[in-house]
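Structure file data12.txt (compact mmCIF, C-alpha atoms) follows.
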```
# COMPACT_ATOMS: atom_id res chain seq x y z
CA MET M 1188 -30.26 10.83 -3.55
CA ILE M 1189 -32.53 7.81 -3.73
CA THR M 1190 -33.33 6.17 -0.40
CA ILE M 1191 -33.60 2.56 0.79
CA LYS M 1192 -37.37 3.06 1.12
CA GLN M 1193 -37.63 4.14 -2.53
CA ILE M 1194 -35.49 1.20 -3.66
CA ALA M 1195 -37.82 -1.11 -1.71
CA GLN M 1196 -40.88 0.34 -3.49
CA ILE M 1197 -39.24 -0.12 -6.91
CA ALA M 1198 -38.28 -3.73 -6.15
CA GLY M 1199 -41.60 -4.52 -4.48
CA VAL M 1200 -40.03 -5.59 -1.20
CA SER M 1201 -39.73 -4.24 2.31
CA PRO M 1202 -37.02 -1.73 3.31
CA SER M 1203 -35.62 -4.36 5.68
CA THR M 1204 -35.11 -6.72 2.72
CA VAL M 1205 -33.10 -4.03 0.90
CA SER M 1206 -31.08 -3.50 4.08
CA HIS M 1207 -30.39 -7.23 4.30
CA VAL M 1208 -29.04 -7.22 0.73
CA LEU M 1209 -26.83 -4.20 1.40
CA ASN M 1210 -25.42 -5.88 4.49
CA GLY M 1211 -24.91 -9.30 2.92
CA ARG M 1212 -27.59 -11.10 4.94
CA THR M 1213 -29.06 -13.03 2.02
CA LYS M 1214 -28.76 -16.70 3.00
CA LYS M 1215 -32.48 -17.08 3.69
CA MET M 1216 -33.52 -14.92 0.73
CA SER M 1217 -34.75 -16.36 -2.56
CA GLN M 1218 -32.58 -15.83 -5.61
CA GLN M 1219 -35.45 -14.06 -7.35
CA THR M 1220 -35.82 -11.52 -4.53
CA LEU M 1221 -32.07 -10.97 -4.35
CA GLU M 1222 -31.86 -10.32 -8.08
CA LYS M 1223 -34.80 -7.88 -7.98
CA VAL M 1224 -33.19 -5.83 -5.21
CA GLU M 1225 -29.75 -5.87 -6.79
CA ARG M 1226 -31.22 -4.78 -10.13
CA ALA M 1227 -33.08 -1.90 -8.47
CA LEU M 1228 -29.91 -0.81 -6.67
CA ARG M 1229 -27.86 -0.99 -9.84
CA GLU M 1230 -30.34 0.71 -12.17
CA ASN M 1231 -30.91 3.57 -9.75
CA ASN M 1232 -27.25 4.09 -8.92
CA TYR M 1233 -27.84 3.66 -5.21
CA ILE M 1234 -24.92 4.90 -3.09
CA SER M 1235 -24.97 3.78 0.52
CA ASN M 1236 -23.85 5.80 3.50
CA MET M 1237 -20.54 4.04 4.04
CA ALA M 1238 -19.71 5.77 7.30
CA GLY M 1239 -23.07 4.86 8.80
CA ARG M 1240 -22.86 1.27 7.67
CA SER M 1241 -19.36 0.83 9.03
CA LEU M 1242 -20.55 2.07 12.39
CA GLY M 1243 -23.55 -0.23 12.30
CA GLY M 1244 -23.56 -3.67 10.75
CA SER M 1245 -21.85 -4.91 7.61
CA SER M 1246 -19.62 -2.41 5.82
CA ARG M 1247 -19.45 -4.32 2.51
CA ILE M 1248 -15.85 -3.08 2.29
CA ILE M 1249 -12.96 -5.28 1.19
CA GLY M 1250 -9.61 -3.82 2.14
CA VAL M 1251 -6.71 -4.23 -0.29
CA ILE M 1252 -3.32 -3.55 1.27
CA LEU M 1253 -0.16 -3.27 -0.78
CA THR M 1254 2.54 -3.98 1.77
CA TYR M 1255 5.17 -1.75 0.28
CA ALA M 1256 6.82 1.20 2.00
CA ARG M 1257 5.99 4.56 0.47
CA ARG M 1258 8.71 5.69 -1.90
CA SER M 1259 9.36 9.36 -2.39
CA GLU M 1260 10.17 8.98 -6.07
CA MET M 1261 7.43 6.70 -7.35
CA ASN M 1262 4.21 5.37 -5.89
CA VAL M 1263 4.03 1.61 -6.23
CA ALA M 1264 0.76 1.89 -8.19
CA GLN M 1265 2.66 3.58 -11.02
CA ASP M 1266 4.25 0.24 -11.85
CA PRO M 1267 2.01 -1.26 -14.59
CA PHE M 1268 1.92 -4.65 -12.82
CA PHE M 1269 0.44 -3.16 -9.65
CA SER M 1270 -1.97 -0.86 -11.46
CA GLU M 1271 -3.22 -3.89 -13.42
CA ILE M 1272 -3.80 -6.04 -10.36
CA ILE M 1273 -5.46 -3.18 -8.47
CA GLY M 1274 -7.86 -2.69 -11.39
CA ALA M 1275 -8.59 -6.42 -11.59
CA LEU M 1276 -9.27 -6.63 -7.85
CA GLU M 1277 -11.59 -3.63 -7.94
CA ASP M 1278 -13.55 -5.17 -10.80
CA GLU M 1279 -13.91 -8.51 -9.00
CA ILE M 1280 -14.84 -6.91 -5.69
CA ARG M 1281 -17.40 -4.55 -7.24
CA SER M 1282 -18.98 -7.27 -9.36
CA ASN M 1283 -19.62 -9.24 -6.17
CA GLY M 1284 -21.44 -6.35 -4.52
CA TYR M 1285 -18.63 -5.03 -2.32
CA TYR M 1286 -16.54 -1.86 -2.21
CA MET M 1287 -12.77 -1.77 -2.38
CA MET M 1288 -10.61 0.28 -0.03
CA LEU M 1289 -7.01 0.52 -1.21
CA TYR M 1290 -4.18 1.25 1.18
CA THR M 1291 -0.43 1.21 0.59
CA SER M 1292 1.78 0.70 3.61
CA GLY M 1293 4.86 -1.17 4.68
CA ASP M 1294 3.71 -0.86 8.31
CA VAL M 1295 1.59 -3.80 9.49
CA ASP M 1296 0.25 -1.96 12.55
CA GLU M 1297 -0.90 0.89 10.33
CA GLY M 1298 -2.65 -1.52 7.99
CA LEU M 1299 -4.40 -3.28 10.88
CA ARG M 1300 -5.59 0.04 12.31
CA ILE M 1301 -7.12 1.08 9.00
CA ALA M 1302 -8.85 -2.29 8.61
CA ALA M 1303 -10.30 -2.12 12.12
CA SER M 1304 -11.42 1.51 11.93
CA TRP M 1305 -13.42 0.89 8.76
CA LYS M 1306 -14.71 -2.52 9.85
CA VAL M 1307 -13.66 -4.14 6.58
CA GLU M 1308 -15.28 -7.50 5.97
CA GLY M 1309 -12.12 -8.99 4.51
CA LEU M 1310 -8.56 -8.20 3.54
CA VAL M 1311 -6.48 -8.92 0.46
CA ILE M 1312 -2.79 -8.52 1.30
CA LEU M 1313 -0.30 -8.15 -1.55
CA GLY M 1314 3.42 -8.79 -1.39
CA ALA M 1315 3.87 -9.52 2.32
CA LEU M 1316 6.97 -11.23 3.65
CA ALA M 1317 6.87 -14.05 6.19
CA HIS M 1318 7.09 -12.01 9.41
CA ASP M 1319 4.42 -9.55 8.24
CA CYS M 1320 2.12 -12.38 7.12
CA THR M 1321 2.23 -13.83 10.63
CA ARG M 1322 1.46 -10.47 12.20
CA TYR M 1323 -1.49 -9.87 9.86
CA MET M 1324 -2.95 -13.30 10.64
CA GLU M 1325 -2.51 -12.79 14.38
CA GLY M 1326 -3.68 -9.17 14.49
CA ALA M 1327 -6.63 -8.99 12.10
CA ASN M 1328 -10.14 -9.86 13.24
CA THR M 1329 -11.32 -10.41 9.70
CA PRO M 1330 -10.82 -12.99 6.92
CA ILE M 1331 -7.60 -12.60 4.95
CA VAL M 1332 -6.35 -13.84 1.59
CA PHE M 1333 -2.80 -13.15 0.44
CA ILE M 1334 -1.36 -12.54 -3.02
CA ASP M 1335 2.34 -12.98 -3.86
CA SER M 1336 3.23 -13.37 -0.18
CA TYR M 1337 5.65 -15.62 1.66
CA PHE M 1338 5.26 -17.49 4.95
CA ASN M 1339 7.26 -19.13 7.69
CA ASP M 1340 6.88 -22.90 7.75
CA ASP M 1341 4.89 -22.79 11.00
CA GLY M 1342 1.86 -24.81 9.92
CA LYS M 1343 -0.58 -21.92 10.26
CA PRO M 1344 -3.39 -22.24 7.69
CA HIS M 1345 -3.56 -19.53 5.05
CA VAL M 1346 -4.66 -18.88 1.48
CA ASN M 1347 -2.01 -17.40 -0.79
CA ILE M 1348 -2.37 -16.79 -4.54
CA GLY M 1349 0.96 -16.73 -6.32
CA LEU M 1350 2.88 -17.84 -9.37
CA HIS M 1351 5.34 -20.51 -10.26
CA ASP M 1352 7.96 -17.74 -10.03
CA LYS M 1353 10.90 -20.08 -9.74
CA ARG M 1354 9.70 -22.14 -12.70
CA GLY M 1355 9.18 -19.02 -14.81
CA ALA M 1356 12.70 -17.76 -14.14
CA TYR M 1357 14.09 -21.22 -14.89
CA MET M 1358 12.25 -21.31 -18.22
CA MET M 1359 13.52 -17.88 -19.25
CA THR M 1360 17.10 -18.65 -18.25
CA LYS M 1361 16.96 -21.90 -20.19
CA HIS M 1362 15.72 -19.97 -23.22
CA LEU M 1363 18.65 -17.57 -22.95
CA ILE M 1364 21.06 -20.49 -22.74
CA THR M 1365 19.55 -22.13 -25.84
CA GLN M 1366 20.21 -18.85 -27.65
CA GLY M 1367 23.90 -19.31 -26.89
CA HIS M 1368 24.21 -17.04 -23.85
CA LYS M 1369 26.59 -18.23 -21.14
CA ARG M 1370 27.26 -14.98 -19.27
CA ILE M 1371 23.83 -14.00 -17.97
CA ALA M 1372 23.01 -11.61 -15.11
CA PHE M 1373 19.87 -11.42 -13.00
CA LEU M 1374 18.90 -7.92 -11.78
CA ALA M 1375 16.41 -6.90 -9.07
CA ASP M 1376 15.96 -4.14 -6.49
CA GLY M 1377 16.51 -6.19 -3.33
CA ASP M 1378 19.79 -6.49 -1.47
CA PRO M 1379 19.36 -9.32 -0.75
CA PRO M 1380 16.32 -10.10 -2.93
CA MET M 1381 13.18 -11.14 -1.07
CA GLY M 1382 9.76 -12.58 -1.87
CA VAL M 1383 9.10 -13.09 -5.57
CA ASP M 1384 12.51 -11.67 -6.50
CA TYR M 1385 14.19 -14.30 -4.34
CA GLU M 1386 12.18 -17.10 -5.97
CA ARG M 1387 12.97 -15.79 -9.43
CA ARG M 1388 16.68 -15.53 -8.63
CA GLU M 1389 16.65 -19.12 -7.34
CA GLY M 1390 15.04 -20.31 -10.58
CA PHE M 1391 17.71 -18.41 -12.51
CA PHE M 1392 20.56 -20.00 -10.53
CA SER M 1393 18.99 -23.45 -10.79
CA ALA M 1394 18.84 -23.24 -14.59
CA LEU M 1395 22.47 -22.13 -14.76
CA ARG M 1396 23.59 -25.08 -12.63
CA ASP M 1397 21.48 -27.59 -14.56
CA HIS M 1398 23.14 -26.47 -17.78
CA GLY M 1399 26.67 -26.67 -16.43
CA LEU M 1400 27.18 -22.92 -15.99
CA ARG M 1401 28.64 -21.15 -12.97
CA ALA M 1402 26.01 -19.88 -10.52
CA ASP M 1403 27.18 -17.61 -7.72
CA GLY M 1404 26.82 -14.07 -6.41
CA ASP M 1405 28.62 -12.59 -9.42
CA GLN M 1406 25.56 -13.11 -11.61
CA TYR M 1407 23.18 -11.24 -9.30
CA ILE M 1408 23.16 -7.45 -9.64
CA TYR M 1409 21.30 -5.14 -7.28
CA ILE M 1410 19.62 -2.15 -8.93
CA SER M 1411 18.02 0.66 -6.95
CA HIS M 1412 14.35 1.61 -7.23
CA ARG M 1413 15.57 5.22 -7.40
CA SER M 1414 16.12 6.11 -11.05
CA ALA M 1415 19.20 8.32 -10.49
CA GLU M 1416 20.99 5.56 -8.55
CA ARG M 1417 19.84 2.90 -11.01
CA HIS M 1418 21.04 4.89 -14.01
CA ALA M 1419 24.37 5.59 -12.31
CA LEU M 1420 24.84 1.84 -11.94
CA LEU M 1421 23.90 1.28 -15.57
CA SER M 1422 26.39 3.96 -16.61
CA ALA M 1423 29.17 2.23 -14.68
CA PHE M 1424 27.98 -1.06 -16.12
CA LEU M 1425 28.42 0.30 -19.64
CA GLU M 1426 31.89 1.64 -18.85
CA ASP M 1427 32.81 -1.80 -17.57
CA LYS M 1428 31.64 -3.32 -20.89
CA LEU M 1429 28.70 -5.01 -19.14
CA ARG M 1430 31.24 -7.12 -17.20
CA GLY M 1431 31.18 -9.53 -20.10
CA PHE M 1432 27.45 -10.35 -19.78
CA THR M 1433 25.66 -10.94 -23.07
CA ALA M 1434 22.16 -11.20 -21.58
CA LEU M 1435 20.42 -9.36 -18.73
CA PHE M 1436 17.37 -10.92 -17.05
CA PHE M 1437 15.42 -8.35 -15.01
CA ALA M 1438 13.05 -9.36 -12.21
CA SER M 1439 10.32 -7.12 -13.67
CA ASP M 1440 9.38 -5.61 -17.01
CA PHE M 1441 9.50 -2.13 -15.48
CA TYR M 1442 13.23 -2.34 -14.81
CA ALA M 1443 13.92 -4.19 -18.06
CA VAL M 1444 12.28 -1.52 -20.21
CA ASP M 1445 13.79 1.37 -18.24
CA SER M 1446 17.26 -0.13 -18.58
CA MET M 1447 16.78 -0.96 -22.24
CA ASN M 1448 15.82 2.65 -22.94
CA TYR M 1449 18.88 3.88 -21.01
CA PHE M 1450 21.19 1.61 -22.96
CA GLN M 1451 19.82 2.70 -26.31
CA ASP M 1452 20.04 6.38 -25.32
CA HIS M 1453 23.74 5.77 -24.69
CA GLY M 1454 24.56 3.96 -27.91
CA LEU M 1455 24.04 0.34 -26.86
CA ARG M 1456 21.61 -1.47 -29.11
CA VAL M 1457 19.25 -4.24 -27.95
CA PRO M 1458 19.56 -7.09 -28.86
CA GLU M 1459 22.56 -6.47 -31.17
CA HIS M 1460 24.92 -5.56 -28.31
CA VAL M 1461 23.11 -7.13 -25.35
CA SER M 1462 19.94 -9.18 -24.91
CA VAL M 1463 17.35 -8.07 -22.35
CA CYS M 1464 14.35 -9.90 -20.89
CA GLY M 1465 11.88 -9.32 -18.07
CA PHE M 1466 9.13 -10.87 -15.99
CA ASP M 1467 5.35 -10.11 -15.82
CA ASP M 1468 4.38 -9.35 -19.46
CA SER M 1469 2.97 -5.97 -18.48
CA ILE M 1470 1.70 -3.45 -21.01
CA LEU M 1471 5.22 -1.99 -21.19
CA SER M 1472 6.56 -5.15 -22.79
CA VAL M 1473 4.71 -4.57 -26.07
CA GLN M 1474 4.92 -0.78 -26.12
CA CYS M 1475 8.73 -0.61 -26.08
CA ARG M 1476 10.97 -1.15 -29.08
CA PRO M 1477 12.25 -3.74 -29.54
CA LYS M 1478 9.33 -5.56 -27.93
CA LEU M 1479 10.38 -7.28 -24.73
CA THR M 1480 10.87 -11.01 -24.32
CA THR M 1481 9.37 -11.79 -20.92
CA VAL M 1482 7.68 -14.29 -18.61
CA HIS M 1483 3.92 -14.01 -18.97
CA GLN M 1484 1.48 -14.13 -16.09
CA THR M 1485 -2.27 -13.52 -16.25
CA VAL M 1486 -2.64 -10.88 -13.53
CA SER M 1487 -6.44 -10.92 -13.54
CA GLN M 1488 -6.38 -14.60 -12.50
CA LYS M 1489 -4.80 -13.64 -9.19
CA ALA M 1490 -7.65 -11.24 -8.51
CA THR M 1491 -10.31 -13.76 -9.50
CA TYR M 1492 -8.92 -16.51 -7.27
CA ALA M 1493 -8.22 -14.17 -4.35
CA VAL M 1494 -11.67 -12.59 -4.24
CA ALA M 1495 -13.46 -15.91 -4.75
CA GLN M 1496 -11.55 -17.51 -1.86
CA LEU M 1497 -12.06 -14.48 0.39
CA LEU M 1498 -15.82 -14.38 -0.20
CA ARG M 1499 -16.07 -18.09 0.64
CA ILE M 1500 -14.32 -17.40 3.95
CA ILE M 1501 -16.59 -14.40 4.63
CA ARG M 1502 -19.64 -16.60 3.98
CA LYS M 1503 -18.14 -19.14 6.42
CA GLU M 1504 -17.97 -21.80 3.73
CA LYS M 1505 -15.52 -24.61 4.23
CA ILE M 1506 -12.29 -24.17 2.28
CA ASP M 1507 -8.94 -25.89 2.36
CA PRO M 1508 -6.25 -23.34 3.26
CA LYS M 1509 -3.66 -23.63 0.54
CA ILE M 1510 -1.14 -22.00 -1.72
CA ILE M 1511 -2.48 -21.57 -5.23
CA ARG M 1512 0.32 -21.21 -7.77
CA LEU M 1513 -0.75 -20.06 -11.22
CA ASN M 1514 1.01 -21.10 -14.40
CA VAL M 1515 3.43 -18.92 -16.36
CA SER M 1516 4.67 -19.03 -19.94
CA LEU M 1517 7.30 -17.39 -22.10
CA LYS M 1518 6.57 -14.54 -24.50
CA ILE M 1519 9.37 -14.62 -27.04
CA ARG M 1520 9.66 -11.26 -28.78
CA ASP M 1521 12.51 -9.15 -30.15
CA SER M 1522 14.79 -8.15 -27.26
CA VAL M 1523 16.77 -11.41 -27.09
CA GLY M 1524 19.15 -12.40 -29.86
CA ARG M 1525 21.47 -15.31 -30.52
CA VAL M 1526 25.20 -15.22 -29.81
```
Let me see the file written as structure tokens.
Amino acid sequence: MITIKQIAQIAGVSPSTVSHVLNGRTKKMSQQTLEKVERALRENNYISNMAGRSLGGSSRIIGVILTYARRSEMNVAQDPFFSEIIGALEDEIRSNGYYMMLYTSGDVDEGLRIAASWKVEGLVILGALAHDCTRYMEGANTPIVFIDSYFNDDGKPHVNIGLHDKRGAYMMTKHLITQGHKRIAFLADGDPPMGVDYERREGFFSALRDHGLRADGDQYIYISHRSAERHALLSAFLEDKLRGFTALFFASDFYAVDSMNYFQDHGLRVPEHVSVCGFDDSILSVQCRPKLTTVHQTVSQKATYAVAQLLRIIRKEKIDPKIIRLNVSLKIRDSVGRV
């Protein structure tokens, strides 16, 4: 394995200069020197001793925590949305000279212990609810940026990268209504829905009300994340003739595609018998047949904004704590028909 001393000789600098680059101490370094060292590290595939660096100075580790409880049936990273954002974060973090540590946990204390034990230089927290956000901000001794998280209105400064979830759900519901649908259901795996699912349900209800349609608990349907329970509900739903619903709006593409496949396996055609739409525009939405009508978000944008903001905080640059909401759009495909 190549050493720091050898890297220094290749770059024509001192070993201490290489060490400064590896530990992020580059403020007083010329851009030319920095680029020479980084090129030498990259071209020689230098791999640092992470354990030693975490015990010493800068670890160059960014922790990414998915705040979801472990599920026995399916790891959260198997959902195409989460695998896409994990990949985008890793690419952004690596391209900025850091290493990503990924951890999945619904336990805040566990997440804080991992962050402290590895001396991470910053944290990206995905999908945290208000109480957990407060605990992370109070318990972590490192910069934090949140993605798709929700906060109490307590005035504490934070950076959160999210979507116009409510607007996206409103737009999709309005589209369904313009296609003649009046009995529309919204389906998600929260009872009650929380976080992004709550925002999306509120956008759904708001569109119903604005178009003179009834909006109450009857239109929200809880579906389990466990496939056996979810399919049992769908079976009962079919026996009950879909309760008169002509369109089903799922909080994620994953559930939309899974349900659409179940329906078609049991003789119900989409969109001839029922229209189906989702949210996220994941890779599943174009691989299924019919292709899924869905709300599009550019997942990589969340990673770009989150890492850029986090690195500014790490460098102690002045930023304005804020909520950044990214735009959404509709992808009209084949799974929604007119009635």
Produce a table with one row for each residue of range 1424-1519 of chain M that has an atom at most 10 Å from any atom of range 1280-1290 of chain M, each row naming the nearest atom pair and its distance in Å at one decimal; use only C-alpha atoms; arrange rows by chain and rising residue number; format as a Markdown table.
```
| residue | atom | partner | partner_atom | distance |
| --- | --- | --- | --- | --- |
| M:Ala1490 | CA | M:Ile1280 | CA | 8.9 |
| M:Thr1491 | CA | M:Ile1280 | CA | 9.1 |
| M:Ala1493 | CA | M:Ile1280 | CA | 9.9 |
| M:Val1494 | CA | M:Ile1280 | CA | 6.7 |
| M:Ala1495 | CA | M:Ile1280 | CA | 9.2 |
| M:Leu1498 | CA | M:Asn1283 | CA | 8.7 |
```
Is there a way to get, as a PyMOL selection string, all residues within 10 Å of the point (-27.7, 1.2, -5.1) in file coordinates, counting all atoms listed in the file?
chain M and resi 1189-1191+1194+1205+1209+1224-1235+1284
Find the residue from M:Tyr1442, M:Tyr1323, M:Phe1450, M:Phe1391 that sits nearest to Asp1403 in chain M; use all atoms listed in the file when measuring.
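Checking each of M:Tyr1442, M:Tyr1323, M:Phe1450, M:Phe1391 against Asp1403 in chain M, counting all atoms listed in the file, the winner is M:Phe1391.
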May I have the residues within 7 Å of Val1526 in chain M as a PyMOL selection string, using all atoms listed in the file and disregarding those fewer than 5 positions away in the same chain?
chain M and resi 1366-1368
What is the distance between CA of Gly1382 in chain M and CA of Pro1267 in chain M, in Å to one decimal?
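Going from CA of Gly1382 in chain M over to CA of Pro1267 in chain M covers 18.7 Å.
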Spatial neighbours of Lys1478 in chain M, max dist 7 Å, all atoms listed in the file, sep filter under 5 positions, as a count of residues only:
5
Provide the CA of Ile1470 in chain M to CA of Phe1437 in chain M distance in Å, to one decimal place.
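Taking CA of Ile1470 in chain M and CA of Phe1437 in chain M, their separation equals 15.8 Å.
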Option closest in space to Leu1313 in chain M, from M:Ile1334, M:Ile1519, M:Cys1464, M:Met1216 [counting all atoms listed in the file]:
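Ranked by minimum distance to Leu1313 in chain M, first place goes to M:Ile1334.
For the set M:Ala1195, M:Ala1438, M:Ile1501, M:Ile1408, the residue with the smallest atom-to-atom gap to Asp1384 in chain M is M:Ala1438, counting all atoms listed in the file.
The coordinates place CA of Leu1517 in chain M at 10.9 Å from CA of Leu1479 in chain M.
Residues lying within 9 Å of Pro1508 in chain M, counting all atoms listed in the file and ignoring same-chain neighbours fewer than 4 positions away, are Pro1344, His1345, Val1346 and Asn1347 of chain M.
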At a cut-off of 12 Å, using all atoms listed in the file, what residues contact Gly1309 in chain M? Leave out same-chain residues fewer than 4 positions from it and give the result as a compact mmCIF listing (two decimals) with C-alpha atoms, in the frame of the given file.
```
# COMPACT_ATOMS: atom_id res chain seq x y z
CA SER M 1245 -21.85 -4.91 7.61
CA SER M 1246 -19.62 -2.41 5.82
CA ARG M 1247 -19.45 -4.32 2.51
CA ILE M 1248 -15.85 -3.08 2.29
CA ILE M 1249 -12.96 -5.28 1.19
CA GLY M 1250 -9.61 -3.82 2.14
CA VAL M 1251 -6.71 -4.23 -0.29
CA ILE M 1252 -3.32 -3.55 1.27
CA ILE M 1280 -14.84 -6.91 -5.69
CA TYR M 1285 -18.63 -5.03 -2.32
CA TYR M 1286 -16.54 -1.86 -2.21
CA MET M 1287 -12.77 -1.77 -2.38
CA MET M 1288 -10.61 0.28 -0.03
CA LEU M 1299 -4.40 -3.28 10.88
CA ALA M 1302 -8.85 -2.29 8.61
CA ALA M 1303 -10.30 -2.12 12.12
CA TRP M 1305 -13.42 0.89 8.76
CA TYR M 1323 -1.49 -9.87 9.86
CA MET M 1324 -2.95 -13.30 10.64
CA ALA M 1327 -6.63 -8.99 12.10
CA ASN M 1328 -10.14 -9.86 13.24
CA THR M 1329 -11.32 -10.41 9.70
CA PRO M 1330 -10.82 -12.99 6.92
CA ILE M 1331 -7.60 -12.60 4.95
CA VAL M 1332 -6.35 -13.84 1.59
CA PHE M 1333 -2.80 -13.15 0.44
CA ALA M 1493 -8.22 -14.17 -4.35
CA VAL M 1494 -11.67 -12.59 -4.24
CA ALA M 1495 -13.46 -15.91 -4.75
CA GLN M 1496 -11.55 -17.51 -1.86
CA LEU M 1497 -12.06 -14.48 0.39
CA LEU M 1498 -15.82 -14.38 -0.20
CA ARG M 1499 -16.07 -18.09 0.64
CA ILE M 1500 -14.32 -17.40 3.95
CA ILE M 1501 -16.59 -14.40 4.63
CA ARG M 1502 -19.64 -16.60 3.98
CA LYS M 1503 -18.14 -19.14 6.42
```
Residue nearest Lys1489 in chain M among M:Leu1420, M:Leu1374, M:Leu1513, M:Leu1471 (counting all atoms listed in the file):
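Closest candidate: M:Leu1513.
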Shell of 8 Å around Val1463 in chain M, only C-alpha atoms, local chain residues under 2 positions omitted, as a PyMOL selection string
chain M and resi 1434-1437+1443+1447+1457-1458+1461+1465+1479-1480+1522-1523
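Across M:Thr1204, M:Ser1422, M:Thr1481, M:Ser1439, the tightest approach to Ser1217 in chain M is made by M:Thr1204 when counting only C-alpha atoms.
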For each of M:Thr1254, M:Thr1485, M:Thr1220, M:Ser1411, take the minimum atom-to-atom distance to Val1295 in chain M, counting all atoms listed in the file, then give the residue where this is smallest.
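Checking each candidate against Val1295 in chain M, we get M:Thr1254 as the closest.
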Can you take the partial range 1217-1231 of chain M, add N, CA, C and O atoms, and return it as a compact mmCIF listing (two decimals), keeping the file's coordinate frame?
```txt
# COMPACT_ATOMS: atom_id res chain seq x y z
N SER M 1217 -34.66 -15.66 -1.27
CA SER M 1217 -34.75 -16.36 -2.56
C SER M 1217 -33.88 -15.65 -3.59
O SER M 1217 -33.64 -14.44 -3.51
N GLN M 1218 -33.41 -16.40 -4.55
CA GLN M 1218 -32.58 -15.83 -5.61
C GLN M 1218 -33.34 -14.78 -6.39
O GLN M 1218 -32.77 -13.75 -6.79
N GLN M 1219 -34.63 -15.01 -6.59
CA GLN M 1219 -35.45 -14.06 -7.35
C GLN M 1219 -35.53 -12.71 -6.62
O GLN M 1219 -35.38 -11.65 -7.24
N THR M 1220 -35.74 -12.76 -5.31
CA THR M 1220 -35.82 -11.52 -4.53
C THR M 1220 -34.47 -10.80 -4.54
O THR M 1220 -34.41 -9.57 -4.72
N LEU M 1221 -33.40 -11.56 -4.35
CA LEU M 1221 -32.07 -10.97 -4.35
C LEU M 1221 -31.79 -10.27 -5.67
O LEU M 1221 -31.29 -9.13 -5.69
N GLU M 1222 -32.13 -10.91 -6.78
CA GLU M 1222 -31.86 -10.32 -8.08
C GLU M 1222 -32.70 -9.07 -8.30
O GLU M 1222 -32.22 -8.09 -8.90
N LYS M 1223 -33.95 -9.06 -7.83
CA LYS M 1223 -34.80 -7.88 -7.98
C LYS M 1223 -34.21 -6.68 -7.24
O LYS M 1223 -34.17 -5.57 -7.76
N VAL M 1224 -33.75 -6.92 -6.01
CA VAL M 1224 -33.19 -5.83 -5.21
C VAL M 1224 -31.88 -5.34 -5.82
O VAL M 1224 -31.66 -4.13 -5.94
N GLU M 1225 -31.03 -6.27 -6.20
CA GLU M 1225 -29.75 -5.87 -6.79
C GLU M 1225 -29.95 -5.10 -8.09
O GLU M 1225 -29.22 -4.14 -8.37
N ARG M 1226 -30.94 -5.50 -8.89
CA ARG M 1226 -31.22 -4.78 -10.13
C ARG M 1226 -31.72 -3.36 -9.84
O ARG M 1226 -31.31 -2.40 -10.49
N ALA M 1227 -32.57 -3.23 -8.84
CA ALA M 1227 -33.08 -1.90 -8.47
C ALA M 1227 -31.95 -1.01 -7.96
O ALA M 1227 -31.89 0.19 -8.28
N LEU M 1228 -31.06 -1.58 -7.17
CA LEU M 1228 -29.91 -0.81 -6.67
C LEU M 1228 -29.02 -0.36 -7.81
O LEU M 1228 -28.58 0.80 -7.87
N ARG M 1229 -28.78 -1.28 -8.73
CA ARG M 1229 -27.86 -0.99 -9.84
C ARG M 1229 -28.47 0.03 -10.80
O ARG M 1229 -27.81 1.00 -11.18
N GLU M 1230 -29.72 -0.16 -11.18
CA GLU M 1230 -30.34 0.71 -12.17
C GLU M 1230 -30.60 2.11 -11.64
O GLU M 1230 -30.73 3.06 -12.42
N ASN M 1231 -30.66 2.25 -10.33
CA ASN M 1231 -30.91 3.57 -9.75
C ASN M 1231 -29.67 4.18 -9.10
O ASN M 1231 -29.76 5.18 -8.38
```
